[in-house]
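Next up, model-v5.cif (mmCIF, C-alpha atoms):
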```
data_work
loop_
_atom_site.label_atom_id
_atom_site.label_comp_id
_atom_site.auth_asym_id
_atom_site.auth_seq_id
_atom_site.Cartn_x
_atom_site.Cartn_y
_atom_site.Cartn_z
CA MET A 1465 5.76 14.89 -19.73
CA ARG A 1466 3.95 17.72 -21.49
CA LEU A 1467 0.26 18.24 -22.15
CA SER A 1468 1.20 19.94 -25.41
CA THR A 1469 2.84 16.69 -26.52
CA LEU A 1470 -0.01 14.45 -25.39
CA LEU A 1471 -2.76 16.61 -26.87
CA LYS A 1472 -3.54 16.11 -30.57
CA ARG A 1473 -5.13 18.87 -32.69
CA GLU A 1474 -8.08 16.64 -33.59
CA ALA A 1475 -8.91 16.26 -29.89
CA ILE A 1476 -9.48 19.97 -29.24
CA VAL A 1477 -13.07 21.20 -29.45
CA VAL A 1478 -13.65 24.96 -29.56
CA PRO A 1479 -16.44 25.67 -28.85
CA LEU A 1480 -18.26 22.60 -27.57
CA GLN A 1481 -21.54 22.06 -29.38
CA ASN A 1482 -23.45 20.36 -26.56
CA PHE A 1483 -24.91 21.69 -23.35
CA ASP A 1484 -25.52 18.73 -21.06
CA LYS A 1485 -23.14 16.55 -19.14
CA SER A 1486 -23.43 13.20 -20.91
CA ALA A 1487 -23.46 14.84 -24.36
CA ILE A 1488 -20.31 16.82 -23.52
CA ILE A 1489 -18.53 13.63 -22.47
CA GLU A 1490 -19.58 11.94 -25.73
CA GLU A 1491 -18.46 14.95 -27.76
CA LEU A 1492 -15.04 14.94 -26.12
CA LEU A 1493 -14.76 11.16 -26.51
CA GLU A 1494 -15.61 11.56 -30.18
CA ALA A 1495 -12.76 14.07 -30.45
CA VAL A 1496 -10.32 11.62 -28.82
CA SER A 1497 -11.55 8.90 -31.18
CA ARG A 1498 -10.41 11.01 -34.13
CA THR A 1499 -6.82 10.61 -32.92
CA GLY A 1500 -7.01 6.84 -33.41
CA GLN A 1501 -6.05 6.14 -29.78
CA ILE A 1502 -9.36 4.57 -28.79
CA ILE A 1503 -9.50 0.80 -29.19
CA ASP A 1504 -13.10 0.35 -28.00
CA ARG A 1505 -15.28 3.48 -27.95
CA GLU A 1506 -18.24 1.91 -26.12
CA LYS A 1507 -16.01 0.51 -23.40
CA ALA A 1508 -14.29 3.90 -23.02
CA LEU A 1509 -17.67 5.64 -22.68
CA GLN A 1510 -18.78 3.08 -20.13
CA ALA A 1511 -15.62 3.67 -18.07
CA LEU A 1512 -16.14 7.45 -18.15
CA THR A 1513 -19.80 7.10 -17.20
CA GLU A 1514 -19.02 4.70 -14.36
CA ARG A 1515 -16.43 7.13 -13.03
CA GLU A 1516 -18.87 10.02 -13.29
CA ASN A 1517 -21.43 7.99 -11.35
CA LEU A 1518 -18.98 7.76 -8.44
CA GLY A 1519 -18.95 11.57 -8.20
CA SER A 1520 -18.92 14.46 -10.62
CA THR A 1521 -15.57 15.36 -12.18
CA GLY A 1522 -16.74 18.96 -12.27
CA LEU A 1523 -14.30 20.76 -10.00
CA GLU A 1524 -14.02 24.41 -8.99
CA LYS A 1525 -13.36 27.59 -10.96
CA GLY A 1526 -14.91 26.41 -14.22
CA LEU A 1527 -12.82 23.27 -14.63
CA ALA A 1528 -13.88 19.66 -15.21
CA ILE A 1529 -11.62 16.64 -15.71
CA PRO A 1530 -13.73 13.68 -16.84
CA HIS A 1531 -11.35 10.74 -16.61
CA ALA A 1532 -11.14 6.98 -16.46
CA ARG A 1533 -8.60 4.23 -16.52
CA THR A 1534 -9.52 1.64 -19.09
CA ASN A 1535 -7.84 -0.71 -21.50
CA ALA A 1536 -10.20 0.63 -24.17
CA VAL A 1537 -7.43 3.11 -24.90
CA ASP A 1538 -3.82 2.68 -25.90
CA GLY A 1539 -1.60 4.57 -23.44
CA ILE A 1540 -2.83 8.04 -22.52
CA ALA A 1541 -5.39 9.95 -24.60
CA MET A 1542 -6.66 13.41 -23.92
CA ALA A 1543 -9.22 15.88 -25.27
CA VAL A 1544 -9.79 19.52 -24.43
CA GLY A 1545 -13.08 21.34 -24.84
CA ILE A 1546 -14.10 24.94 -24.26
CA ALA A 1547 -17.64 26.03 -23.45
CA PRO A 1548 -17.66 29.86 -23.51
CA GLU A 1549 -21.17 30.11 -22.06
CA GLY A 1550 -20.50 27.61 -19.29
CA ILE A 1551 -22.28 24.31 -18.66
CA ASP A 1552 -23.89 22.79 -15.58
CA PHE A 1553 -21.48 19.93 -14.91
CA GLN A 1554 -22.43 19.45 -11.24
CA SER A 1555 -19.25 21.25 -10.26
CA ALA A 1556 -17.91 21.25 -6.70
CA ASP A 1557 -18.52 25.01 -6.32
CA GLY A 1558 -21.84 25.00 -8.14
CA GLU A 1559 -20.51 27.37 -10.81
CA PRO A 1560 -20.80 26.74 -14.59
CA THR A 1561 -17.95 24.78 -16.17
CA HIS A 1562 -16.08 26.32 -19.10
CA LEU A 1563 -12.95 24.23 -19.48
CA PHE A 1564 -12.87 20.45 -19.95
CA PHE A 1565 -9.91 18.09 -19.98
CA LEU A 1566 -11.01 14.54 -20.77
CA LEU A 1567 -8.38 11.98 -19.91
CA LEU A 1568 -8.27 8.25 -20.60
CA ALA A 1569 -5.42 5.91 -19.74
CA SER A 1570 -4.72 2.23 -19.98
CA GLU A 1571 -3.98 0.31 -16.79
CA ALA A 1572 -0.34 -0.14 -17.76
CA VAL A 1573 0.38 3.59 -17.42
CA THR A 1574 -1.19 4.35 -14.04
CA SER A 1575 1.85 6.25 -12.79
CA ASN A 1576 1.93 8.57 -15.84
CA TYR A 1577 -1.84 8.95 -15.70
CA VAL A 1578 -1.65 10.20 -12.12
CA GLN A 1579 1.16 12.57 -13.11
CA VAL A 1580 -0.90 13.99 -16.00
CA LEU A 1581 -3.90 14.57 -13.74
CA ALA A 1582 -1.64 16.39 -11.30
CA LEU A 1583 -0.17 18.41 -14.16
CA ILE A 1584 -3.61 19.50 -15.39
CA ALA A 1585 -4.57 20.46 -11.84
CA ARG A 1586 -1.39 22.47 -11.39
CA LEU A 1587 -1.72 24.36 -14.67
CA ASN A 1588 -5.26 25.27 -13.72
CA LEU A 1589 -4.10 26.81 -10.47
CA GLN A 1590 -2.79 29.67 -12.65
CA SER A 1591 -5.69 32.11 -13.02
CA GLY A 1592 -4.14 33.52 -16.21
CA PHE A 1593 -4.10 30.07 -17.80
CA ARG A 1594 -7.76 29.40 -16.93
CA ARG A 1595 -8.88 32.80 -18.19
CA LYS A 1596 -7.00 32.52 -21.49
CA MET A 1597 -8.25 28.99 -22.07
CA GLN A 1598 -11.85 29.96 -21.39
CA GLU A 1599 -11.54 32.85 -23.83
CA ALA A 1600 -9.83 30.80 -26.56
CA THR A 1601 -11.70 30.77 -29.86
CA SER A 1602 -9.55 28.45 -31.97
CA VAL A 1603 -7.60 25.19 -31.81
CA ASP A 1604 -4.36 27.02 -32.57
CA GLU A 1605 -5.00 29.39 -29.69
CA VAL A 1606 -5.56 26.49 -27.25
CA ILE A 1607 -2.35 24.81 -28.38
CA GLU A 1608 -0.40 28.04 -27.97
CA ILE A 1609 -1.83 28.79 -24.49
CA ILE A 1610 -0.91 25.31 -23.23
CA ARG A 1611 2.52 25.47 -24.85
CA GLN A 1612 3.22 28.86 -23.26
CA ALA A 1613 2.00 27.71 -19.85
CA GLU A 1614 4.42 24.81 -20.06
CA GLU A 1615 7.42 26.95 -20.97
CA MET B 998 29.59 4.47 11.49
CA GLN B 999 30.55 5.40 7.94
CA SER B 1000 33.32 3.58 6.12
CA ASP B 1001 36.49 5.44 5.11
CA ARG B 1002 36.10 4.03 1.60
CA LEU B 1003 34.98 6.54 -1.02
CA ILE B 1004 31.93 4.48 -1.92
CA SER B 1005 30.69 1.78 0.40
CA LYS B 1006 26.91 2.15 0.24
CA ILE B 1007 25.07 2.96 -2.98
CA LEU B 1008 21.39 3.83 -2.78
CA LEU B 1009 19.47 3.45 -6.01
CA PHE B 1010 16.37 5.60 -6.38
CA ALA B 1011 13.88 3.80 -8.61
CA ASP B 1012 11.00 6.00 -9.72
CA GLY B 1013 9.43 3.81 -12.37
CA SER B 1014 10.84 5.80 -15.26
CA GLU B 1015 12.78 4.28 -18.15
CA GLY B 1016 15.84 6.11 -16.86
CA CYS B 1017 15.75 4.32 -13.51
CA ILE B 1018 16.40 0.96 -15.17
CA SER B 1019 19.58 2.34 -16.73
CA ALA B 1020 20.42 3.82 -13.34
CA ALA B 1021 19.94 0.35 -11.85
CA LYS B 1022 22.32 -1.17 -14.40
CA TYR B 1023 24.87 1.53 -13.64
CA GLY B 1024 24.44 0.91 -9.91
CA VAL B 1025 24.96 -2.82 -10.33
CA ALA B 1026 28.10 -2.25 -12.41
CA LEU B 1027 29.46 0.28 -9.93
CA SER B 1028 28.71 -2.01 -7.02
CA ILE B 1029 30.62 -4.86 -8.70
CA ILE B 1030 33.58 -2.62 -9.48
CA THR B 1031 33.81 -0.92 -6.07
CA GLY B 1032 32.52 -3.70 -3.85
CA ALA B 1033 29.98 -1.26 -2.42
CA VAL B 1034 26.66 -2.52 -1.06
CA LEU B 1035 23.69 -1.66 -3.28
CA LYS B 1036 20.17 -0.97 -2.09
CA ALA B 1037 17.24 -0.04 -4.33
CA ILE B 1038 14.23 1.87 -3.07
CA TYR B 1039 10.88 2.74 -4.62
CA VAL B 1040 8.44 5.20 -3.09
CA VAL B 1041 4.74 5.06 -3.92
CA ASN B 1042 3.68 8.69 -4.10
CA THR B 1043 0.68 8.41 -1.80
CA ASP B 1044 1.07 12.10 -0.97
CA LEU B 1045 0.13 12.98 -4.55
CA LEU B 1046 -2.80 10.55 -4.51
CA LYS B 1047 -4.07 12.19 -1.33
CA GLN B 1048 -3.65 15.66 -2.88
CA LEU B 1049 -5.70 14.60 -5.89
CA GLU B 1050 -8.36 13.20 -3.59
CA ARG B 1051 -8.44 16.42 -1.57
CA ALA B 1052 -8.75 18.40 -4.81
CA ARG B 1053 -11.74 16.14 -5.61
CA ILE B 1054 -10.10 14.92 -8.81
CA PHE B 1055 -10.13 11.42 -7.33
CA VAL B 1056 -12.85 9.82 -5.30
CA LYS B 1057 -11.71 7.63 -2.42
CA VAL B 1058 -12.12 4.38 -4.30
CA GLU B 1059 -9.82 5.64 -7.08
CA GLU B 1060 -7.19 6.66 -4.55
CA ILE B 1061 -7.28 3.17 -3.04
CA ASP B 1062 -7.21 1.45 -6.46
CA TYR B 1063 -4.32 3.52 -7.76
CA GLU B 1064 -2.31 3.14 -4.57
CA ARG B 1065 -2.66 -0.63 -4.84
CA ASP B 1066 -1.63 -0.61 -8.52
CA LEU B 1067 1.30 1.74 -7.99
CA GLU B 1068 2.48 -0.44 -5.12
CA GLU B 1069 2.34 -3.44 -7.43
CA ASP B 1070 4.29 -1.47 -10.07
CA GLY B 1071 6.88 -0.63 -7.44
CA HIS B 1072 7.28 -4.26 -6.42
CA ASN B 1073 7.63 -5.21 -10.09
CA TYR B 1074 10.35 -2.60 -10.64
CA LEU B 1075 12.26 -3.71 -7.56
CA HIS B 1076 11.91 -7.33 -8.60
CA HIS B 1077 13.26 -6.49 -12.05
CA ILE B 1078 16.20 -4.61 -10.54
CA THR B 1079 16.91 -7.55 -8.21
CA GLU B 1080 16.95 -9.85 -11.23
CA LEU B 1081 19.31 -7.52 -13.10
CA ALA B 1082 21.68 -7.64 -10.14
CA GLU B 1083 21.39 -11.40 -9.70
CA HIS B 1084 22.11 -11.82 -13.41
CA GLN B 1085 25.50 -10.29 -12.60
CA GLY B 1086 25.92 -12.41 -9.48
CA LEU B 1087 25.15 -9.54 -7.14
CA THR B 1088 22.76 -9.66 -4.19
CA ILE B 1089 21.02 -6.40 -3.39
CA GLU B 1090 18.61 -5.12 -0.78
CA THR B 1091 15.31 -3.53 -1.81
CA ASP B 1092 12.66 -1.56 0.02
CA LEU B 1093 9.29 -0.10 -0.93
CA PHE B 1094 7.86 2.88 0.92
CA LYS B 1095 4.73 5.02 0.71
CA GLY B 1096 4.39 8.73 1.27
CA SER B 1097 6.24 11.84 0.16
CA VAL B 1098 8.78 10.67 -2.42
CA HIS B 1099 11.55 13.17 -1.79
CA LYS B 1100 11.17 13.15 2.00
CA ILE B 1101 11.42 9.37 2.18
CA ALA B 1102 14.32 9.17 -0.29
CA LEU B 1103 16.25 11.83 1.64
CA GLN B 1104 15.48 10.09 4.94
CA GLN B 1105 16.71 6.81 3.51
CA ILE B 1106 20.03 8.43 2.58
CA GLU B 1107 20.38 9.48 6.21
CA ASP B 1108 19.11 6.30 7.86
CA TRP B 1109 21.04 3.91 5.67
CA GLN B 1110 24.09 6.20 5.61
CA ALA B 1111 24.39 6.03 1.85
CA ASP B 1112 27.46 7.71 0.41
CA LEU B 1113 26.22 7.75 -3.17
CA LEU B 1114 22.72 8.12 -4.57
CA ILE B 1115 22.10 6.97 -8.12
CA MET B 1116 19.07 8.14 -10.06
CA GLY B 1117 17.89 8.12 -13.64
CA GLU B 1118 17.84 11.08 -15.95
CA LEU B 1119 14.60 13.06 -16.16
CA GLU B 1120 12.56 11.97 -19.11
CA PRO B 1121 12.81 14.27 -22.14
CA GLY B 1122 10.23 17.03 -22.08
CA SER B 1123 9.55 16.93 -18.36
CA LEU B 1124 8.36 20.17 -16.83
CA ARG B 1125 8.81 22.08 -13.64
CA GLN B 1126 5.08 21.55 -13.04
CA ASP B 1127 5.62 17.81 -13.42
CA THR B 1128 5.61 15.97 -10.10
CA PHE B 1129 8.43 13.67 -11.22
CA HIS B 1130 10.54 16.71 -11.98
CA ASP B 1131 9.79 18.28 -8.59
CA GLU B 1132 10.51 15.16 -6.59
CA ASN B 1133 13.69 14.26 -8.47
CA GLU B 1134 14.98 17.81 -8.34
CA LEU B 1135 14.36 18.04 -4.60
CA ILE B 1136 16.19 14.77 -4.03
CA PHE B 1137 19.05 15.88 -6.27
CA ARG B 1138 19.39 19.25 -4.53
CA LYS B 1139 18.85 18.21 -0.92
CA ALA B 1140 20.67 14.88 -0.77
CA ARG B 1141 23.43 14.91 1.83
CA CYS B 1142 25.55 12.50 -0.17
CA SER B 1143 26.93 12.67 -3.70
CA VAL B 1144 24.35 12.14 -6.42
CA LEU B 1145 24.99 10.45 -9.73
CA VAL B 1146 22.46 11.07 -12.50
CA VAL B 1147 22.80 8.36 -15.11
CA LYS B 1148 22.75 9.48 -18.73
CA ASP B 1149 23.64 7.90 -22.07
CA THR B 1150 21.37 4.91 -21.47
CA GLU B 1151 22.35 3.21 -24.73
CA ARG B 1152 25.98 3.01 -23.67
CA ILE B 1153 25.03 1.78 -20.18
CA ASP B 1154 22.89 -0.98 -21.71
CA GLN B 1155 25.78 -2.09 -23.93
CA ILE B 1156 28.27 -2.13 -21.05
CA PHE B 1157 25.83 -3.97 -18.79
CA GLU B 1158 25.33 -6.71 -21.37
CA THR B 1159 29.08 -7.29 -21.65
CA LEU B 1160 29.66 -7.32 -17.88
CA ASN B 1161 29.03 -11.00 -17.31
CA HIS B 1162 30.98 -12.01 -20.39
CA GLN B 1163 34.19 -10.57 -19.02
CA SER B 1164 36.52 -11.68 -16.28
CA PRO B 1165 36.50 -9.45 -13.16
CA THR B 1166 39.85 -7.94 -14.20
CA THR B 1167 38.77 -6.97 -17.69
CA THR B 1168 35.45 -5.75 -16.32
CA ARG B 1169 37.22 -3.38 -13.98
CA SER B 1170 39.37 -1.93 -16.73
CA GLY B 1171 36.50 -1.93 -19.21
CA ILE B 1172 34.34 0.57 -17.31
#
```

Show me, as structure tokens, the structure contained in the file I just sent.
Amino acid sequence: MRLSTLLKREAIVVPLQNFDKSAIIEELLEAVSRTGQIIDREKALQALTERENLGSTGLEKGLAIPHARTNAVDGIAMAVGIAPEGIDFQSADGEPTHLFFLLLASEAVTSNYVQVLALIARLNLQSGFRRKMQEATSVDEVIEIIRQAEE
Amino acid sequence: MQSDRLISKILLFADGSEGCISAAKYGVALSIITGAVLKAIYVVNTDLLKQLERARIFVKVEEIDYERDLEEDGHNYLHHITELAEHQGLTIETDLFKGSVHKIALQQIEDWQADLLIMGELEPGSLRQDTFHDENELIFRKARCSVLVVKDTERIDQIFETLNHQSPTTTRSGI
């Protein structure tokens, strides 16, 4: 499984236009919707919000992975967003968040969903990957950085 | 005590991939041909779920939910494999475990004294960073018995479908 295969061009937002948590999630969800993978946008948003209410998906080192498992999506759908200035996403280390991976998956693909989350986490352990992603200024650049990291 | 037959105990590693179903069909066919005992195992990767919880990607309730669902998936896969075997008149043993996938699979090879491990091919496009890849590669490399990685799934499917339409003699010569 490759992120570069799962990720569609339409679902990459560089730079993100919003500056608060719920608006960022909506902006990324809107990007995923453009891929045609969302069956029910409202239900998908509700699932993401409910998950966020359990605890922020803002992690450490500028990374956030808003995610939810919901049958409002067909299979696995993903969006990537870059916020060069950094956003307060209630991250675990209290630092601004620059890099967002939004992930939605239907209940039938739980195993793959868990694998993709682990894959995102592993790629982000590479400081070079995080830095390049945070500095990316175009969709093509994001695609190339992910593709190279997966080589 | 191990048998002096080349293959007497075949352990099938089911990981929930498409490839593992072809591996199951191959294992059933090989068990019929050789008379070896076949056992299928599935390991719920609770180690990975715990890692994701420690990394704060999951909250506890997600970890519990996903573990329950993955366990159900595992039971479904093992049930399907049992049905595939029974369809060919073969009775097999199955077992579901939780924990570190490669450690449990390797331990099962030892404990059950398997002399052949059968596993499915890695899915196209899998990566070194991919947990499936890691676990399968570790099992492949560290297994103390011979390992058979099943490829050419289309051909396996065709052969499997013809198995029960042939007499035992023609089946043996046909594979």

To one decimal in Å, tell me the separation between CA of Glu1080 (chain B) and CA of Leu1093 (chain B).
16.1 Å

Enumerate, as a list in words, the residues matched when the PyMOL selection byres ((chain A) within 9 of (chain B)) is run on the file above.
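For this structure, the PyMOL selection byres ((chain A) within 9 of (chain B)) captures Met1465, Arg1466, Thr1469, Arg1515, Leu1518, Gly1519, Ser1520, Thr1521, Gly1522, Leu1523, Ala1528, Ile1529, Pro1530, His1531, Ala1556, Glu1571, Thr1574, Ser1575, Val1578, Gln1579, Val1580, Leu1581, Ala1582, Leu1583, Ala1585, Arg1586, Leu1587, Glu1614 and Glu1615 of chain A.
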
Region 1132-1142 of chain B surroundings by all atoms listed in the file, 12 Å radius, close-in-sequence under 4 positions cut, as JSON, numbers by chain
{"A": [1579], "B": [999, 1003, 1004, 1005, 1006, 1007, 1008, 1009, 1010, 1011, 1012, 1013, 1014, 1016, 1017, 1040, 1041, 1042, 1044, 1045, 1096, 1097, 1098, 1099, 1100, 1101, 1102, 1103, 1104, 1105, 1106, 1107, 1108, 1109, 1110, 1111, 1112, 1113, 1114, 1115, 1116, 1117, 1118, 1119, 1120, 1123, 1124, 1125, 1126, 1127, 1128, 1146]}

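Using all atoms listed in the file, the nearest neighbour of Ile1489 (chain A) within the list A:Ala1532, A:Leu1509, A:Leu1527, A:Ala1541 is A:Leu1509.
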
Could you check how far CA of Leu1512 (chain A) sits from CA of Glu1015 (chain B), in Å to one decimal?
29.1 Å

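Computed from the coordinates, the CA of Leu1081 (chain B) to CA of Lys1022 (chain B) distance equals 7.1 Å.
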
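Among the candidate residues A:Met1542, A:Ala1511, A:Ala1487, A:Ile1610, the one lying nearest to Thr1499 (chain A) is A:Met1542, with distances computed using only C-alpha atoms.
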